[in-house]
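Coordinates as given in protein.cif (mmCIF, C-alpha atoms and all ligand atoms):
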data_protein
loop_
_atom_site.group_PDB
_atom_site.id
_atom_site.type_symbol
_atom_site.label_atom_id
_atom_site.label_comp_id
_atom_site.auth_asym_id
_atom_site.auth_seq_id
_atom_site.Cartn_x
_atom_site.Cartn_y
_atom_site.Cartn_z
ATOM 1 C CA MET A 1 -38.194 -15.258 23.734
ATOM 2 C CA LEU A 2 -39.067 -18.621 22.122
ATOM 3 C CA SER A 3 -36.492 -21.399 22.174
ATOM 4 C CA ASP A 4 -36.050 -23.758 19.242
ATOM 5 C CA ALA A 5 -37.582 -26.518 21.364
ATOM 6 C CA THR A 6 -40.641 -24.352 22.029
ATOM 7 C CA LYS A 7 -40.974 -23.541 18.326
ATOM 8 C CA GLU A 8 -40.812 -27.258 17.548
ATOM 9 C CA ARG A 9 -43.696 -27.847 19.941
ATOM 10 C CA PHE A 10 -45.620 -24.988 18.304
ATOM 11 C CA ALA A 11 -44.979 -26.482 14.871
ATOM 12 C CA ARG A 12 -46.452 -29.817 15.967
ATOM 13 C CA GLU A 13 -49.637 -28.013 17.058
ATOM 14 C CA VAL A 14 -49.851 -25.935 13.878
ATOM 15 C CA ALA A 15 -49.501 -29.128 11.796
ATOM 16 C CA LYS A 16 -52.825 -30.353 13.196
ATOM 17 C CA TYR A 17 -54.686 -27.717 11.157
ATOM 18 C CA PRO A 18 -55.042 -27.094 7.408
ATOM 19 C CA ALA A 19 -52.440 -24.853 5.776
ATOM 20 C CA GLY A 20 -53.179 -21.198 6.383
ATOM 21 C CA HIS A 21 -55.109 -21.903 9.589
ATOM 22 C CA GLN A 22 -52.124 -21.754 11.944
ATOM 23 C CA GLN A 23 -54.022 -19.327 14.190
ATOM 24 C CA SER A 24 -56.191 -22.242 15.326
ATOM 25 C CA ALA A 25 -53.196 -23.394 17.371
ATOM 26 C CA VAL A 26 -53.157 -20.258 19.523
ATOM 27 C CA MET A 27 -54.617 -21.903 22.636
ATOM 28 C CA ALA A 28 -52.177 -24.800 22.415
ATOM 29 C CA CYS A 29 -49.256 -22.388 21.987
ATOM 30 C CA LEU A 30 -50.368 -20.365 25.005
ATOM 31 C CA SER A 31 -50.566 -23.583 27.053
ATOM 32 C CA ILE A 32 -47.068 -24.591 25.972
ATOM 33 C CA VAL A 33 -45.637 -21.226 27.005
ATOM 34 C CA GLN A 34 -47.403 -21.399 30.344
ATOM 35 C CA GLN A 35 -46.159 -24.933 30.933
ATOM 36 C CA GLU A 36 -42.596 -23.859 30.221
ATOM 37 C CA GLN A 37 -42.549 -20.419 31.839
ATOM 38 C CA GLY A 38 -45.295 -20.664 34.468
ATOM 39 C CA TRP A 39 -47.277 -17.770 32.999
ATOM 40 C CA VAL A 40 -48.036 -15.919 29.779
ATOM 41 C CA SER A 41 -46.150 -12.643 29.731
ATOM 42 C CA PRO A 42 -46.957 -9.801 27.313
ATOM 43 C CA GLU A 43 -43.660 -10.607 25.570
ATOM 44 C CA ALA A 44 -44.730 -14.232 25.137
ATOM 45 C CA GLU A 45 -48.061 -13.114 23.693
ATOM 46 C CA GLU A 46 -46.217 -10.987 21.150
ATOM 47 C CA ALA A 47 -43.912 -13.856 20.241
ATOM 48 C CA ILE A 48 -46.886 -16.181 19.734
ATOM 49 C CA ALA A 49 -48.665 -13.550 17.643
ATOM 50 C CA ASP A 50 -45.572 -13.202 15.519
ATOM 51 C CA TYR A 51 -45.159 -16.976 15.141
ATOM 52 C CA LEU A 52 -48.806 -17.494 14.154
ATOM 53 C CA SER A 53 -49.046 -14.323 12.015
ATOM 54 C CA MET A 54 -51.770 -12.906 14.240
ATOM 55 C CA ALA A 55 -52.380 -9.442 15.592
ATOM 56 C CA PRO A 56 -51.028 -9.294 19.187
ATOM 57 C CA ILE A 57 -54.425 -8.051 20.390
ATOM 58 C CA ALA A 58 -56.056 -11.244 19.042
ATOM 59 C CA VAL A 59 -53.708 -13.340 21.194
ATOM 60 C CA ARG A 60 -54.382 -11.062 24.159
ATOM 61 C CA GLU A 61 -58.109 -11.607 23.710
ATOM 62 C CA VAL A 62 -57.612 -15.359 24.103
ATOM 63 C CA THR A 63 -55.297 -15.024 27.107
ATOM 64 C CA THR A 64 -57.716 -12.792 28.947
ATOM 65 C CA PHE A 65 -60.850 -14.762 28.055
ATOM 66 C CA TYR A 66 -59.833 -18.063 29.667
ATOM 67 C CA ASN A 67 -58.871 -18.047 33.319
ATOM 68 C CA MET A 68 -56.501 -21.003 32.963
ATOM 69 C CA TYR A 69 -53.938 -18.696 31.388
ATOM 70 C CA ASN A 70 -51.908 -17.015 34.096
ATOM 71 C CA GLN A 71 -51.371 -13.343 33.371
ATOM 72 C CA ARG A 72 -48.884 -12.961 36.203
ATOM 73 C CA ARG A 73 -46.436 -15.200 37.993
ATOM 74 C CA LEU A 74 -48.209 -17.492 40.451
ATOM 75 C CA GLY A 75 -47.198 -19.979 43.094
ATOM 76 C CA LYS A 76 -45.956 -23.389 42.008
ATOM 77 C CA TYR A 77 -49.347 -24.835 42.978
ATOM 78 C CA LYS A 78 -52.361 -22.935 41.704
ATOM 79 C CA LEU A 79 -55.370 -23.920 43.794
ATOM 80 C CA ASN A 80 -58.735 -22.838 42.395
ATOM 81 C CA VAL A 81 -61.845 -23.407 44.446
ATOM 82 C CA CYS A 82 -65.243 -23.175 42.755
ATOM 83 C CA THR A 83 -67.539 -20.666 44.422
ATOM 84 C CA ASN A 84 -70.393 -20.600 41.895
ATOM 85 C CA LEU A 85 -73.889 -20.937 43.291
ATOM 86 C CA PRO A 86 -74.322 -24.759 43.326
ATOM 87 C CA CYS A 87 -70.977 -25.075 45.123
ATOM 88 C CA GLN A 88 -71.825 -22.143 47.413
ATOM 89 C CA LEU A 89 -74.796 -24.164 48.594
ATOM 90 C CA ARG A 90 -72.448 -26.963 49.598
ATOM 91 C CA ASP A 91 -69.581 -25.151 51.325
ATOM 92 C CA GLY A 92 -67.628 -23.921 48.297
ATOM 93 C CA GLN A 93 -67.138 -20.474 49.813
ATOM 94 C CA SER A 94 -66.115 -21.832 53.206
ATOM 95 C CA ALA A 95 -63.654 -24.197 51.497
ATOM 96 C CA LEU A 96 -62.046 -21.197 49.781
ATOM 97 C CA GLU A 97 -61.975 -19.224 53.025
ATOM 98 C CA HIS A 98 -60.520 -22.176 54.924
ATOM 99 C CA LEU A 99 -57.750 -22.608 52.369
ATOM 100 C CA CYS A 100 -56.947 -18.890 52.386
ATOM 101 C CA LYS A 101 -56.809 -18.853 56.181
ATOM 102 C CA ALA A 102 -54.705 -22.023 56.358
ATOM 103 C CA LEU A 103 -52.184 -20.548 53.922
ATOM 104 C CA GLY A 104 -52.351 -16.977 55.232
ATOM 105 C CA VAL A 105 -53.374 -15.403 51.925
ATOM 106 C CA GLU A 106 -56.284 -13.471 50.505
ATOM 107 C CA ASP A 107 -58.303 -14.794 47.576
ATOM 108 C CA GLY A 108 -55.945 -14.455 44.593
ATOM 109 C CA GLY A 109 -52.887 -14.285 46.821
ATOM 110 C CA THR A 110 -49.627 -16.230 46.771
ATOM 111 C CA THR A 111 -47.799 -17.551 49.822
ATOM 112 C CA ALA A 112 -44.507 -15.861 50.721
ATOM 113 C CA ASP A 113 -42.567 -19.022 49.841
ATOM 114 C CA GLY A 114 -44.050 -18.994 46.331
ATOM 115 C CA LEU A 115 -45.537 -22.447 46.791
ATOM 116 C CA PHE A 116 -49.280 -21.749 46.634
ATOM 117 C CA THR A 117 -51.660 -19.366 44.922
ATOM 118 C CA VAL A 118 -55.286 -19.618 46.005
ATOM 119 C CA ALA A 119 -58.169 -18.189 43.998
ATOM 120 C CA LYS A 120 -61.837 -18.738 43.475
ATOM 121 C CA CYS A 121 -62.974 -19.924 40.079
ATOM 122 C CA GLU A 122 -66.103 -20.412 38.018
ATOM 123 C CA CYS A 123 -68.071 -23.665 37.677
ATOM 124 C CA LEU A 124 -65.863 -26.669 37.028
ATOM 125 C CA GLY A 125 -68.732 -28.803 35.796
ATOM 126 C CA ALA A 126 -68.790 -31.099 38.806
ATOM 127 C CA CYS A 127 -71.340 -29.285 40.967
ATOM 128 C CA ALA A 128 -72.634 -32.483 42.599
ATOM 129 C CA ASP A 129 -69.159 -33.128 44.036
ATOM 130 C CA ALA A 130 -68.849 -29.816 45.889
ATOM 131 C CA PRO A 131 -66.690 -28.458 47.297
ATOM 132 C CA VAL A 132 -64.682 -28.844 44.094
ATOM 133 C CA MET A 133 -61.254 -27.525 43.248
ATOM 134 C CA LEU A 134 -58.670 -27.600 40.496
ATOM 135 C CA VAL A 135 -54.925 -27.945 41.003
ATOM 136 C CA ASN A 136 -52.694 -26.352 38.373
ATOM 137 C CA ASP A 137 -55.545 -26.296 35.852
ATOM 138 C CA ARG A 138 -55.315 -30.052 35.410
ATOM 139 C CA GLN A 139 -56.238 -32.088 38.436
ATOM 140 C CA MET A 140 -59.795 -31.858 39.745
ATOM 141 C CA LEU A 141 -60.465 -32.738 43.371
ATOM 142 C CA SER A 142 -63.951 -33.413 44.749
ATOM 143 C CA TYR A 143 -65.653 -33.300 48.149
ATOM 144 C CA MET A 144 -62.913 -31.062 49.572
ATOM 145 C CA SER A 145 -63.820 -30.902 53.234
ATOM 146 C CA LYS A 146 -61.616 -28.883 55.585
ATOM 147 C CA ASP A 147 -59.797 -32.064 56.570
ATOM 148 C CA LYS A 148 -59.110 -32.940 52.946
ATOM 149 C CA LEU A 149 -57.906 -29.403 52.243
ATOM 150 C CA ASN A 150 -55.528 -29.608 55.207
ATOM 151 C CA GLU A 151 -54.299 -32.956 53.965
ATOM 152 C CA LEU A 152 -53.718 -31.610 50.452
ATOM 153 C CA VAL A 153 -51.637 -28.721 51.768
ATOM 154 C CA ALA A 154 -49.671 -31.045 54.081
ATOM 155 C CA VAL A 155 -48.955 -33.541 51.283
ATOM 156 C CA ILE A 156 -47.737 -30.841 48.905
ATOM 157 C CA ARG A 157 -45.589 -29.226 51.589
ATOM 158 C CA SER A 158 -44.094 -32.558 52.506
ATOM 159 C CA GLU A 159 -43.375 -33.425 48.856
ATOM 160 C CA GLU A 160 -41.742 -30.036 48.425
ATOM 161 C CA GLY A 161 -39.771 -30.431 51.661
ATOM 162 C CA LYS A 162 -41.368 -27.366 53.217
ATOM 163 C CA ALA A 163 -42.585 -27.218 56.795
ATOM 164 C CA ALA A 164 -45.852 -25.480 57.669
HETATM 165 S S1 LIG B 1 -70.849 -24.707 40.618
HETATM 166 FE FE1 LIG B 1 -69.003 -25.530 41.358
HETATM 167 S S2 LIG B 1 -68.546 -27.139 39.982
HETATM 168 FE FE2 LIG B 1 -70.373 -26.279 39.240
#

What would you get if you wrote out this structure as C-alpha cells?
Amino acid sequence: MLSDATKERFAREVAKYPAGHQQSAVMACLSIVQQEQGWVSPEAEEAIADYLSMAPIAVREVTTFYNMYNQRRLGKYKLNVCTNLPCQLRDGQSALEHLCKALGVEDGGTTADGLFTVAKCECLGACADAPVMLVNDRQMLSYMSKDKLNELVAVIRSEEGKAA
C-alpha cells in the first residue's frame, strides 16, 4: 500500500517531532497519500495508522474531521465554493449553482470526464472577497463572478485539451 518513496516522505514528517510523538505527523501523512493517490482510502488510513503506531480509528477521526481530505475519488480539479452566510450575502450560493449548471453536476458531483468535482464548503476566511472558492485545496480564488467562473472552467478545459 505504501511505496518506499512514500515512507521516505512520511519519515521526513515524523522527524519534525520529538521521539515518540510520531502521531503528530498524521495530517502530513494523510496529505502525502492524497497528493499521490488523489484520495484517502480506508486501506491508506490503515497503512498510516500502522506506520505511526496509531489506532486506525484515530486516523479515521482526522480524515473525517477535515474536509480537505477526500474520502472518495474525485475529479482532477476539486472546486469548492464557500456558501457560508457572509458569502451567501454576496452571491456565494449563486456562484455554486452557476458552476454546477455550467458543468452539469449536482453539488458534490463529478463530471463524466472525471475532470471536475464541484462542492460547497465552509468559510475560507476571505469573506470580504466573496464569492470565494478553493481549487484542489490549495489555490484560493476571489470575486468569482459568473464570467470568472466560466473563464476558469474554459482555461482548465483548454489546458487539459478537453472541449466543452
Ligand atoms: S463566509 Fe465565505 S469566506 Fe467566509

**Study point:** Test item: residues lying within 9 Å of ligand LIG 1 (chain B) with only C-alpha atoms and all ligand atoms, as a list in words
**Key:** Val81, Cys82, Thr83, Asn84, Leu85, Pro86, Cys87, Gln88, Leu89, Gly92, Cys121, Glu122, Cys123, Leu124, Gly125, Ala126, Cys127, Ala128, Asp129, Ala130, Pro131, Val132 and Met133 of chain A

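Of note, atom CA of Gly114 of chain A and atom CA of Arg60 of chain A are spaced 25.7 Å apart.
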
Where does segment 45-86 of chain A meet segment 135-139 of chain A within 12 Å, residue by residue, with the nearest atom pair and distance in Å to one decimal for each, counting only C-alpha atoms, listed by chain and rising number, as a tab-separated table?
residue	atom	partner	partner_atom	distance
A:Tyr66	CA	A:Asp137	CA	11.2
A:Asn67	CA	A:Asp137	CA	9.2
A:Met68	CA	A:Asp137	CA	6.1
A:Tyr69	CA	A:Asp137	CA	9.0
A:Asn70	CA	A:Asp137	CA	10.1
A:Leu74	CA	A:Asn136	CA	10.1
A:Gly75	CA	A:Asn136	CA	9.6
A:Lys76	CA	A:Asn136	CA	8.2
A:Tyr77	CA	A:Asn136	CA	5.9
A:Lys78	CA	A:Asn136	CA	4.8
A:Leu79	CA	A:Val135	CA	4.9
A:Asn80	CA	A:Val135	CA	6.5
A:Val81	CA	A:Val135	CA	9.0
A:Cys82	CA	A:Val135	CA	11.5

Practice item. Using the chain letters and numbers from the file, give me the residues hit by the PyMOL selection byres (((chain A and resi 27) around 12) and not hetatm), as a VMD selection string. Key: chain A and resid 10 13 to 14 22 to 26 28 to 34 40 45 48 to 49 52 58 to 66 68 to 69

Exercise for review: Return the single residue from A:Ala112, A:Arg73, A:Leu99, A:Leu141 that is closest to Val153 of chain A, with distances computed using all atoms listed in the file.
Suggested key: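 Closest to Val153 of chain A, using all atoms listed in the file: A:Leu99.
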
Point to revise | Pick from A:Gly109, A:Met1, A:His98, A:Arg72 nearest to Asp50 of chain A, counting all atoms listed in the file | key: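 Looking only at the distances to Asp50 of chain A, the closest residue turns out to be A:Met1.
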
Exercise for review: Kindly indicate which residue among A:Leu96, A:Val105, A:Thr6, A:Ala119 lies nearest to Gln37 of chain A, using only C-alpha atoms for the distances.
Suggested key: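 Ranking A:Leu96, A:Val105, A:Thr6, A:Ala119 by distance to Gln37 of chain A, first place goes to A:Thr6.
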
Exercise for review: Find the spatial neighbours of segment 2-5 of chain A, counting all atoms listed in the file, within a cut-off of 8 Å - ignore same-chain residues fewer than 3 positions away - and output them as a PyMOL selection string.
Suggested key: chain A and resi 8-9+44+47

Exercise for review: Using atom CA of Ala154 of chain A and atom CA of Leu103 of chain A as the two end points, give the distance in Å to one decimal.
Suggested key: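 Between these atoms lies a distance of 10.8 Å.
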
Revision key, fill the gap. Residue with the minimum atom-to-atom distance to Glu106 of chain A, picked from A:Tyr51, A:Val118, A:Asp91, A:Gly20 with only C-alpha atoms counted, is A:Val118

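For the pair atom CA of Glu160 of chain A and atom CA of Thr110 of chain A, the separation is 16.0 Å.
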
**Study point:** Selected residue of minimal separation from Tyr143 of chain A among A:Ala102, A:Ala95, A:Leu115, A:Val155, counting only C-alpha atoms
**Key:**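 Ranking A:Ala102, A:Ala95, A:Leu115, A:Val155 by distance to Tyr143 of chain A, first place goes to A:Ala95.
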
Practice item. Can you work out which one of A:Thr111, A:Gln71, A:Lys146, A:Lys162 has the shortest atom-to-atom distance to Ser94 of chain A, counting only C-alpha atoms? Key: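 Checking each of A:Thr111, A:Gln71, A:Lys146, A:Lys162 against Ser94 of chain A, counting only C-alpha atoms, the winner is A:Lys146.
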